[in-house]
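Visitor: Enclosed is the structure file query-v4.pdb (PDB, C-alpha atoms).
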```
MODEL        1
ATOM      1  CA  MET A 286     -12.596-123.451 212.953
ATOM      2  CA  SER A 287     -11.559-125.529 210.028
ATOM      3  CA  ALA A 288     -14.997-125.165 208.431
ATOM      4  CA  ALA A 289     -14.752-121.389 208.627
ATOM      5  CA  THR A 290     -11.362-121.553 207.065
ATOM      6  CA  ILE A 291     -12.703-123.686 204.261
ATOM      7  CA  ARG A 292     -15.533-121.272 203.647
ATOM      8  CA  ARG A 293     -13.197-118.295 203.493
ATOM      9  CA  GLY A 294     -10.886-120.139 201.144
ATOM     10  CA  GLY A 295     -13.851-121.076 198.966
ATOM     11  CA  ALA A 296     -15.022-117.505 198.842
ATOM     12  CA  ALA A 297     -11.557-116.343 197.910
ATOM     13  CA  ASN A 298     -11.364-118.934 195.154
ATOM     14  CA  ARG A 299     -14.748-117.870 193.878
ATOM     15  CA  LYS A 300     -13.563-114.268 193.819
ATOM     16  CA  VAL A 301     -10.423-115.204 191.908
ATOM     17  CA  LYS A 302     -12.485-117.217 189.444
ATOM     18  CA  ARG A 303     -14.883-114.359 189.009
ATOM     19  CA  LYS A 304     -11.987-111.963 188.384
ATOM     20  CA  SER A 305     -10.222-114.230 185.881
ATOM     21  CA  THR A 306     -13.487-114.902 184.084
ATOM     22  CA  GLY A 307     -14.006-111.188 183.813
ATOM     23  CA  ARG A 308     -10.585-110.671 182.275
ATOM     24  CA  SER A 309     -11.081-113.436 179.675
ATOM     25  CA  MET A 310     -14.495-112.028 178.804
ATOM     26  CA  LYS A 311     -12.867-108.621 178.420
ATOM     27  CA  ARG A 312     -10.234-110.049 176.059
ATOM     28  CA  ARG A 313     -12.869-111.896 174.056
ATOM     29  CA  SER A 314     -14.919-108.765 173.782
ATOM     30  CA  ARG A 315     -11.925-106.894 172.298
ATOM     31  CA  VAL A 316     -11.411-109.629 169.689
ATOM     32  CA  ASP A 317     -15.128-109.608 168.951
ATOM     33  CA  ARG A 318     -15.080-105.840 168.504
ATOM     34  CA  PHE A 319     -12.037-106.125 166.153
ATOM     35  CA  LEU A 320     -13.736-108.818 164.064
ATOM     36  CA  ALA A 321     -16.960-106.847 164.030
ATOM     37  CA  GLY A 322     -15.079-103.858 162.686
ATOM     38  CA  LEU A 323     -13.801-105.799 159.645
ATOM     39  CA  PRO A 324     -15.748-105.298 156.381
ATOM     40  CA  PHE A 325     -16.414-109.057 156.123
ATOM     41  CA  SER A 326     -19.278-111.232 157.220
ATOM     42  CA  ASP A 327     -18.775-114.210 159.542
ATOM     43  CA  ALA A 328     -19.253-116.570 156.596
ATOM     44  CA  THR A 329     -16.605-114.732 154.555
ATOM     45  CA  LEU A 330     -14.159-114.825 157.443
ATOM     46  CA  HIS A 331     -14.774-118.522 157.811
ATOM     47  CA  LYS A 332     -14.057-119.110 154.105
ATOM     48  CA  MET A 333     -10.922-116.994 154.277
ATOM     49  CA  GLY A 334      -9.666-119.014 157.209
ATOM     50  CA  THR A 335     -10.408-122.251 155.388
ATOM     51  CA  TRP A 336      -8.529-121.092 152.254
ATOM     52  CA  ALA A 337      -5.576-119.932 154.335
ATOM     53  CA  ILE A 338      -5.322-123.357 155.942
ATOM     54  CA  MET A 339      -5.593-125.064 152.539
ATOM     55  CA  LEU A 340      -2.866-122.843 151.073
ATOM     56  CA  LEU A 341      -0.564-123.575 153.983
ATOM     57  CA  VAL A 342      -1.136-127.303 153.550
ATOM     58  CA  ALA A 343      -0.538-127.040 149.765
ATOM     59  CA  ALA A 344       2.666-125.073 150.325
ATOM     60  CA  ALA A 345       3.876-127.639 152.822
ATOM     61  CA  LEU A 346       3.094-130.492 150.408
ATOM     62  CA  GLY A 347       4.806-128.632 147.553
ATOM     63  CA  GLY A 348       7.910-128.016 149.634
ATOM     64  CA  PHE A 349       8.027-131.649 150.665
ATOM     65  CA  SER A 350       7.588-132.802 147.052
ATOM     66  CA  TRP A 351      10.375-130.515 145.905
ATOM     67  CA  PHE A 352      12.567-131.791 148.718
ATOM     68  CA  ILE A 353      12.186-135.424 147.654
ATOM     69  CA  GLY A 354      12.509-134.551 143.936
ATOM     70  CA  LEU A 355       9.020-135.287 142.640
ATOM     71  CA  PRO A 356       8.895-132.314 140.141
ATOM     72  CA  GLY A 357      12.170-133.389 138.552
ATOM     73  CA  MET A 358      10.984-136.963 138.326
ATOM     74  CA  ALA A 359       7.714-135.864 136.749
ATOM     75  CA  GLN A 360       9.526-133.649 134.234
ATOM     76  CA  GLN A 361      11.879-136.467 133.283
ATOM     77  CA  GLU A 362       8.961-138.822 132.808
ATOM     78  CA  PHE A 363       7.212-136.236 130.614
ATOM     79  CA  SER A 364      10.384-135.836 128.525
ATOM     80  CA  ASP A 365      10.647-139.604 128.065
ATOM     81  CA  LEU A 366       7.022-139.814 126.988
ATOM     82  CA  ALA A 367       7.544-136.978 124.475
ATOM     83  CA  ARG A 368      10.590-138.700 122.969
ATOM     84  CA  ARG A 369       8.757-142.002 122.681
ATOM     85  CA  ALA A 370       5.945-140.159 120.907
ATOM     86  CA  GLY A 371       8.417-138.799 118.316
ATOM     87  CA  PHE A 372       8.931-135.300 119.765
ATOM     88  CA  GLU A 373      12.721-135.456 119.833
ATOM     89  CA  VAL A 374      15.354-133.152 118.311
ATOM     90  CA  ARG A 375      16.510-134.890 115.131
ATOM     91  CA  LYS A 376      17.089-131.937 112.772
ATOM     92  CA  VAL A 377      18.564-128.429 113.065
ATOM     93  CA  GLU A 378      17.804-125.853 110.380
ATOM     94  CA  VAL A 379      20.197-122.879 110.379
ATOM     95  CA  ARG A 380      19.336-119.695 108.485
ATOM     96  CA  GLY A 381      21.114-116.398 107.810
ATOM     97  CA  ILE A 382      24.717-117.649 107.684
ATOM     98  CA  GLU A 383      26.844-116.310 104.834
ATOM     99  CA  ARG A 384      30.409-115.981 106.161
ATOM    100  CA  MET A 385      30.758-117.836 109.441
ATOM    101  CA  ASP A 386      31.305-121.559 109.873
ATOM    102  CA  GLU A 387      28.037-123.420 110.553
ATOM    103  CA  LEU A 388      29.626-126.273 112.517
ATOM    104  CA  PRO A 389      29.800-124.433 115.893
ATOM    105  CA  VAL A 390      26.075-123.637 115.589
ATOM    106  CA  TYR A 391      25.206-127.306 114.988
ATOM    107  CA  ALA A 392      27.526-128.374 117.781
ATOM    108  CA  ILE A 393      25.747-126.126 120.282
ATOM    109  CA  ALA A 394      22.253-127.078 119.107
ATOM    110  CA  LEU A 395      22.879-130.838 119.083
ATOM    111  CA  GLY A 396      25.262-130.942 122.028
ATOM    112  CA  GLN A 397      22.711-130.028 124.673
ATOM    113  CA  HIS A 398      21.859-132.679 127.258
ATOM    114  CA  GLU A 399      18.080-132.563 126.777
ATOM    115  CA  ARG A 400      16.857-133.757 123.357
ATOM    116  CA  SER A 401      13.110-133.894 124.086
ATOM    117  CA  MET A 402      11.460-131.119 122.068
ATOM    118  CA  PRO A 403       9.228-129.767 124.877
ATOM    119  CA  SER A 404      12.168-129.734 127.279
ATOM    120  CA  VAL A 405      14.676-127.864 125.105
ATOM    121  CA  ASP A 406      15.690-124.661 126.906
ATOM    122  CA  LEU A 407      15.407-122.137 124.062
ATOM    123  CA  VAL A 408      16.627-119.235 126.214
ATOM    124  CA  LYS A 409      19.830-121.036 127.210
ATOM    125  CA  LEU A 410      20.383-122.257 123.655
ATOM    126  CA  ARG A 411      20.166-118.676 122.358
ATOM    127  CA  SER A 412      22.509-117.490 125.114
ATOM    128  CA  ASP A 413      25.089-120.119 124.097
ATOM    129  CA  LEU A 414      24.838-119.087 120.440
ATOM    130  CA  MET A 415      25.387-115.437 121.362
ATOM    131  CA  GLN A 416      28.829-116.383 122.689
ATOM    132  CA  LEU A 417      30.034-117.043 119.116
ATOM    133  CA  GLY A 418      32.017-114.074 117.814
ATOM    134  CA  TRP A 419      30.209-113.921 114.480
ATOM    135  CA  VAL A 420      26.711-113.908 115.998
ATOM    136  CA  GLN A 421      25.195-110.459 116.451
ATOM    137  CA  ASP A 422      21.725-111.843 117.204
ATOM    138  CA  ALA A 423      19.996-115.215 117.204
ATOM    139  CA  ARG A 424      16.432-116.534 117.361
ATOM    140  CA  VAL A 425      15.595-120.146 118.216
ATOM    141  CA  SER A 426      12.205-121.816 117.718
ATOM    142  CA  ARG A 427      10.665-125.287 117.509
ATOM    143  CA  ARG A 428       9.013-126.870 114.505
ATOM    144  CA  LEU A 429       7.257-129.940 115.774
ATOM    145  CA  PRO A 430       7.752-132.786 115.861
ATOM    146  CA  ASP A 431      11.554-132.915 115.563
ATOM    147  CA  THR A 432      13.201-129.727 114.170
ATOM    148  CA  LEU A 433      14.917-126.731 115.775
ATOM    149  CA  ILE A 434      14.954-123.538 113.681
ATOM    150  CA  ILE A 435      17.909-121.198 114.298
ATOM    151  CA  ASP A 436      17.976-117.770 112.641
ATOM    152  CA  ILE A 437      21.376-116.063 112.810
ATOM    153  CA  VAL A 438      22.195-112.389 112.252
ATOM    154  CA  GLU A 439      25.887-112.200 111.407
ATOM    155  CA  ARG A 440      28.239-109.381 112.268
ATOM    156  CA  LYS A 441      29.677-107.560 109.281
ATOM    157  CA  PRO A 442      33.493-107.563 109.006
ATOM    158  CA  VAL A 443      34.919-104.102 108.329
ATOM    159  CA  ALA A 444      38.652-104.441 109.002
ATOM    160  CA  VAL A 445      41.558-106.696 109.920
ATOM    161  CA  TRP A 446      43.147-105.942 113.291
ATOM    162  CA  GLN A 447      46.874-106.478 113.723
ATOM    163  CA  ASN A 448      48.057-106.655 117.318
ATOM    164  CA  LYS A 449      51.041-108.434 118.879
ATOM    165  CA  GLY A 450      51.786-110.231 115.650
ATOM    166  CA  LYS A 451      48.277-111.658 115.298
ATOM    167  CA  LEU A 452      45.673-110.859 112.640
ATOM    168  CA  SER A 453      41.953-110.951 113.443
ATOM    169  CA  LEU A 454      38.825-110.121 111.506
ATOM    170  CA  ILE A 455      36.724-107.531 113.380
ATOM    171  CA  ASP A 456      33.389-105.781 113.013
ATOM    172  CA  VAL A 457      32.699-102.061 113.379
ATOM    173  CA  ARG A 458      32.532-102.350 117.182
ATOM    174  CA  GLY A 459      35.892-104.088 117.335
ATOM    175  CA  THR A 460      34.470-107.528 118.124
ATOM    176  CA  VAL A 461      36.920-110.236 117.080
ATOM    177  CA  LEU A 462      35.196-112.545 114.608
ATOM    178  CA  GLN A 463      37.937-115.026 113.753
ATOM    179  CA  PRO A 464      41.701-115.272 113.175
ATOM    180  CA  VAL A 465      43.020-114.332 109.740
ATOM    181  CA  ASP A 466      45.700-116.205 107.827
ATOM    182  CA  LEU A 467      48.313-113.926 106.304
ATOM    183  CA  SER A 468      48.143-115.928 103.081
ATOM    184  CA  ALA A 469      44.401-115.294 102.786
ATOM    185  CA  MET A 470      44.043-111.630 103.720
ATOM    186  CA  PRO A 471      40.580-110.235 102.895
ATOM    187  CA  ASP A 472      40.232-107.021 100.931
ATOM    188  CA  LEU A 473      39.643-104.877 104.018
ATOM    189  CA  PRO A 474      41.556-102.037 105.716
ATOM    190  CA  LEU A 475      44.200-103.042 108.250
ATOM    191  CA  VAL A 476      44.057-101.367 111.665
ATOM    192  CA  VAL A 477      47.201-101.673 113.766
ATOM    193  CA  GLY A 478      47.972-101.238 117.445
ATOM    194  CA  PRO A 479      46.590-101.865 120.928
ATOM    195  CA  ASN A 480      42.915-100.839 121.201
ATOM    196  CA  ALA A 481      42.806-100.031 117.489
ATOM    197  CA  ASN A 482      39.896-102.470 117.185
ATOM    198  CA  LEU A 483      37.904-100.539 119.800
ATOM    199  CA  ASN A 484      38.334 -97.329 117.790
ATOM    200  CA  THR A 485      37.290 -98.775 114.433
ATOM    201  CA  ALA A 486      33.852 -97.156 114.622
ATOM    202  CA  ALA A 487      35.505 -93.760 115.178
ATOM    203  CA  LEU A 488      37.790 -94.426 112.193
ATOM    204  CA  ASN A 489      34.788 -95.171 109.980
ATOM    205  CA  GLU A 490      33.123 -91.935 111.074
ATOM    206  CA  LEU A 491      36.356 -90.079 110.375
ATOM    207  CA  MET A 492      36.579 -91.448 106.833
ATOM    208  CA  GLU A 493      32.946 -90.476 106.174
ATOM    209  CA  ALA A 494      34.109 -86.860 106.426
ATOM    210  CA  ALA A 495      36.208 -87.391 103.267
ATOM    211  CA  PRO A 496      34.329 -89.966 101.163
ATOM    212  CA  ALA A 497      36.669 -89.469  98.167
ATOM    213  CA  LEU A 498      39.569 -90.818 100.230
ATOM    214  CA  LYS A 499      37.722 -93.738 101.811
ATOM    215  CA  PRO A 500      38.157 -96.191  98.876
ATOM    216  CA  MET A 501      41.885 -95.386  98.834
ATOM    217  CA  LEU A 502      42.473 -96.268 102.493
ATOM    218  CA  ALA A 503      44.746 -99.280 102.927
ATOM    219  CA  GLY A 504      45.075 -99.192 106.692
ATOM    220  CA  ALA A 505      45.431 -97.120 109.824
ATOM    221  CA  THR A 506      47.613 -97.190 112.928
ATOM    222  CA  TRP A 507      46.219 -96.100 116.297
ATOM    223  CA  VAL A 508      49.202 -94.171 117.697
ATOM    224  CA  GLY A 509      49.686 -93.732 121.439
ATOM    225  CA  ASN A 510      46.034 -94.551 122.063
ATOM    226  CA  ARG A 511      45.138 -91.012 120.974
ATOM    227  CA  ARG A 512      45.361 -90.407 117.196
ATOM    228  CA  TRP A 513      45.498 -92.024 113.724
ATOM    229  CA  ASP A 514      48.128 -92.441 111.040
ATOM    230  CA  LEU A 515      46.356 -93.278 107.770
ATOM    231  CA  ARG A 516      48.035 -95.346 105.053
ATOM    232  CA  PHE A 517      46.809 -95.076 101.477
ATOM    233  CA  GLN A 518      46.983 -97.662  98.719
ATOM    234  CA  THR A 519      49.447 -95.430  96.843
ATOM    235  CA  GLY A 520      51.936 -95.863  99.704
ATOM    236  CA  GLU A 521      51.728 -92.524 101.551
ATOM    237  CA  THR A 522      51.022 -92.017 105.249
ATOM    238  CA  LEU A 523      48.956 -89.142 106.628
ATOM    239  CA  SER A 524      49.514 -88.221 110.287
ATOM    240  CA  LEU A 525      46.390 -86.669 111.791
ATOM    241  CA  PRO A 526      46.110 -84.609 114.991
ATOM    242  CA  GLU A 527      44.496 -85.734 118.235
ATOM    243  CA  GLY A 528      40.767 -85.211 118.777
ATOM    244  CA  SER A 529      37.922 -86.286 116.516
ATOM    245  CA  GLU A 530      37.001 -82.766 115.391
ATOM    246  CA  GLN A 531      40.607 -81.756 114.725
ATOM    247  CA  ALA A 532      41.323 -84.986 112.843
ATOM    248  CA  SER A 533      38.149 -84.613 110.763
ATOM    249  CA  ALA A 534      38.985 -81.017 109.845
ATOM    250  CA  ALA A 535      42.541 -81.972 108.859
ATOM    251  CA  LEU A 536      41.332 -84.890 106.724
ATOM    252  CA  VAL A 537      38.782 -82.715 104.922
ATOM    253  CA  ASN A 538      41.493 -80.141 104.209
ATOM    254  CA  PHE A 539      43.829 -82.853 102.928
ATOM    255  CA  ALA A 540      41.102 -84.207 100.649
ATOM    256  CA  ARG A 541      40.570 -80.699  99.262
ATOM    257  CA  MET A 542      44.284 -80.230  98.561
ATOM    258  CA  ASP A 543      44.542 -83.675  97.005
ATOM    259  CA  GLY A 544      41.609 -82.880  94.746
ATOM    260  CA  VAL A 545      43.324 -79.711  93.542
ATOM    261  CA  ASN A 546      46.988 -80.822  93.406
ATOM    262  CA  ARG A 547      46.883 -84.643  93.248
ATOM    263  CA  LEU A 548      49.061 -85.180  96.314
ATOM    264  CA  LEU A 549      48.624 -88.940  96.415
ATOM    265  CA  GLY A 550      50.632 -91.004  93.978
ATOM    266  CA  ARG A 551      53.482 -88.496  93.559
ATOM    267  CA  GLY A 552      56.102 -90.367  95.557
ATOM    268  CA  ILE A 553      55.747 -88.402  98.806
ATOM    269  CA  MET A 554      56.381 -90.649 101.814
ATOM    270  CA  ARG A 555      54.431 -88.860 104.564
ATOM    271  CA  PHE A 556      52.051 -85.955 105.082
ATOM    272  CA  ASP A 557      52.112 -84.571 108.608
ATOM    273  CA  MET A 558      49.139 -82.473 109.762
ATOM    274  CA  ARG A 559      49.563 -82.849 113.512
ATOM    275  CA  ASP A 560      50.452 -79.150 113.815
ATOM    276  CA  PRO A 561      47.424 -77.092 112.722
ATOM    277  CA  ASP A 562      49.742 -74.306 111.477
ATOM    278  CA  LYS A 563      51.939 -76.530 109.322
ATOM    279  CA  PHE A 564      51.557 -78.995 106.504
ATOM    280  CA  VAL A 565      54.747 -81.054 106.455
ATOM    281  CA  LEU A 566      55.745 -83.385 103.626
ATOM    282  CA  ARG A 567      58.488 -85.969 103.901
ATOM    283  CA  LEU A 568      60.119 -86.863 100.594
ATOM    284  CA  PRO A 569      62.263 -89.902  99.896
ATOM    285  CA  LYS A 570      66.065 -89.544  99.687
ATOM    286  CA  THR A 571      66.408 -86.175  97.957
ATOM    287  CA  GLN A 572      64.781 -84.061 100.659
ATOM    288  CA  ASP A 573      63.778 -85.061 104.167
ATOM    289  CA  ALA A 574      60.846 -82.703 104.633
ATOM    290  CA  VAL A 575      59.166 -79.692 103.104
ATOM    291  CA  ALA A 576      56.236 -77.674 104.344
ATOM    292  CA  ALA A 577      53.718 -75.280 102.875
ATOM    293  CA  LYS A 578      53.691 -71.776 104.397
ATOM    294  CA  SER A 579      50.028 -72.204 105.231
ATOM    295  CA  LYS A 580      47.863 -75.294 105.178
ATOM    296  CA  ASP A 581      45.292 -73.269 103.219
ATOM    297  CA  GLU A 582      47.735 -72.598 100.380
ATOM    298  CA  ALA A 583      47.790 -74.761  97.308
ATOM    299  CA  VAL A 584      50.784 -77.108  97.469
ATOM    300  CA  THR A 585      52.979 -76.444  94.434
ATOM    301  CA  PRO A 586      56.762 -76.614  93.869
ATOM    302  CA  GLU A 587      56.909 -72.801  94.101
ATOM    303  CA  ASN A 588      55.501 -72.464  97.618
ATOM    304  CA  LEU A 589      57.166 -75.455  99.285
ATOM    305  CA  THR A 590      59.749 -74.554 101.923
ATOM    306  CA  ASP A 591      62.001 -76.548 104.185
ATOM    307  CA  GLY A 592      60.279 -77.776 107.308
ATOM    308  CA  GLU A 593      60.889 -79.975 110.309
ATOM    309  CA  GLY A 594      60.427 -83.731 110.060
TER
ENDMDL
END
```
Mind converting the file's structure to structure tokens?

Guide:
Amino acid sequence: MSAATIRRGGAANRKVKRKSTGRSMKRRSRVDRFLAGLPFSDATLHKMGTWAIMLLVAAALGGFSWFIGLPGMAQQEFSDLARRAGFEVRKVEVRGIERMDELPVYAIALGQHERSMPSVDLVKLRSDLMQLGWVQDARVSRRLPDTLIIDIVERKPVAVWQNKGKLSLIDVRGTVLQPVDLSAMPDLPLVVGPNANLNTAALNELMEAAPALKPMLAGATWVGNRRWDLRFQTGETLSLPEGSEQASAALVNFARMDGVNRLLGRGIMRFDMRDPDKFVLRLPKTQDAVAAKSKDEAVTPENLTDGEG
């Protein structure tokens, strides 16, 4: 009885083994069919597998080396060797500077932590130089064995900006270059008011519309963040309307009238062209304001009439 039971159990086990063997063979056959469908030979697949394993090992070794700091140690050792061989920053040659102070440039170039020539970070050094107000562009290069070459493109000052009691030299984009001492004012127009520096480029374009008046400009006030009052060297003020086109047209018309009647230098305090239909003049003491009947008329004593201030 027990023998029969053993035989049946053995047969069942053999059946199970045969079934499981069939399934594994079926799975292997699917893998074999997939590999056979690839456009690679067995030798190529073997090489690819070998390279994949080698890359994984290299990546693991690289990650471990980075973790324990080997690249930094190797770089430091290389820097020390370069310095001992004479490749160390000892000189800085600065080119292109005409107006700005050179000392901040030298301070940035020589103040960096790394002095080994191969290890100098030229990109960071240029970025630090670009933070200086005067620097419009900079180029940094090495001249082995021991010299850094720095080429500077300076910004061009075009005006002095007065704001909140402070004077600053600015370029055409309104970039502040340096503070200005009242006792040493440069021969440049004075722009006054909040955001006047940011509108300096627009002021320059405006004055290009009347080139005869440009050399006579002493300064300009940016009024209400919307329009200009121009001050001339002869002492008069010209109030222009809002809008670049309207202001340009008014300035051109004023230049034409000044060319015909010599308006500037006659003791008139203010010319007001904010109203396109009026040309208002403010006189000192004797008469508060007079206005021409039409801004297209020639301004003469005969056609001046009383106007609003």

Visitor: Apply the PyMOL selection byres ((chain A and resi 462) around 10) to the structure shown and report the selected residues as a ChimeraX atom specification.

Guide: /A:385,417-420,439-442,445,453-456,459-461,463-465

Visitor: Which centre and which edge lengths, in Å to one decimal, describe the axis-aligned box that holds all listed atoms of stretch 555-565 of chain A after 8 Å is added on each side, as AutoDock Vina command-line options?

Guide:
```
--center_x 51.1 --center_y -81.6 --center_z 109.2 --size_x 23.3 --size_y 30.6 --size_z 25.3
```

Visitor: Nearest residue to A:Glu521 out of A:Leu429, A:Leu407, A:Leu549, A:Ala337, using all atoms listed in the file?

Guide: A:Leu549

Visitor: Taking the file as shown, what set of residues would the PyMOL selection byres ((chain A and resi 413) around 12) give back, as a ChimeraX atom specification?

Guide: /A:389-394,396-397,406-412,414-418,420,422-425

Visitor: So what do you get for atom CA of A:Leu467 versus atom CA of A:Leu502, distance-wise?

Guide: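 Between these atoms lies a distance of 19.0 Å.
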
Visitor: Is there a way to get, as JSON, numbers by chain, all residues within 12 Å of the point (50.0, -108.1, 114.1) in file coordinates, counting all atoms listed in the file?

Guide: {"A": [445, 446, 447, 448, 449, 450, 451, 452, 453, 454, 464, 465, 466, 467, 475, 476, 477, 478, 479, 481, 482, 506]}

Visitor: Report as JSON, numbers by chain the residues that result from applying the PyMOL selection byres ((chain A and resi 532) around 12) to the structure here.

Guide: {"A": [487, 488, 490, 491, 492, 494, 495, 511, 512, 513, 514, 515, 523, 524, 525, 526, 527, 528, 529, 530, 531, 533, 534, 535, 536, 537, 538, 539, 557, 558, 559, 560, 561]}

Visitor: As an exercise, work out the distance from atom CA of A:Ile553 to atom CA of A:Pro496 in Å and give it to one decimal place.

Guide: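 Distance reported for this atom pair: 21.6 Å.
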
Visitor: So the first atom is atom CA of A:Ala486 and the second is atom CA of A:Asp472; what is the distance between them in Å, to one decimal place?

Guide: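 Those two atoms sit 18.0 Å apart.
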
Visitor: Choose the residue, out of A:Ile338, A:Ser468, A:Thr432, A:Met402, that has the smallest atom-to-atom separation from A:Glu378; count all atoms listed in the file.

Guide: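 Counting all atoms listed in the file, the residue closest to A:Glu378 is A:Thr432.
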
Visitor: What lies within 7 Å of A:Ser426 using only C-alpha atoms, ignoring chain neighbours under 4 positions off, as a list in words?

Guide: Leu433, Ile434 and Ile435 of chain A

Visitor: Can you tell me, as a list in words, which residues sit within 6 Å of (53.1, -85.8, 105.1) in the file's frame, using only C-alpha atoms?

Guide: Leu523, Arg555, Phe556, Asp557, Val565, Leu566 and Arg567 of chain A

Visitor: Which of these residues is nearest to A:Gly550, using all atoms listed in the file: A:Val443, A:Val508, A:Leu341, A:Met501?

Guide: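 Smallest separation from A:Gly550 among the options: A:Met501.
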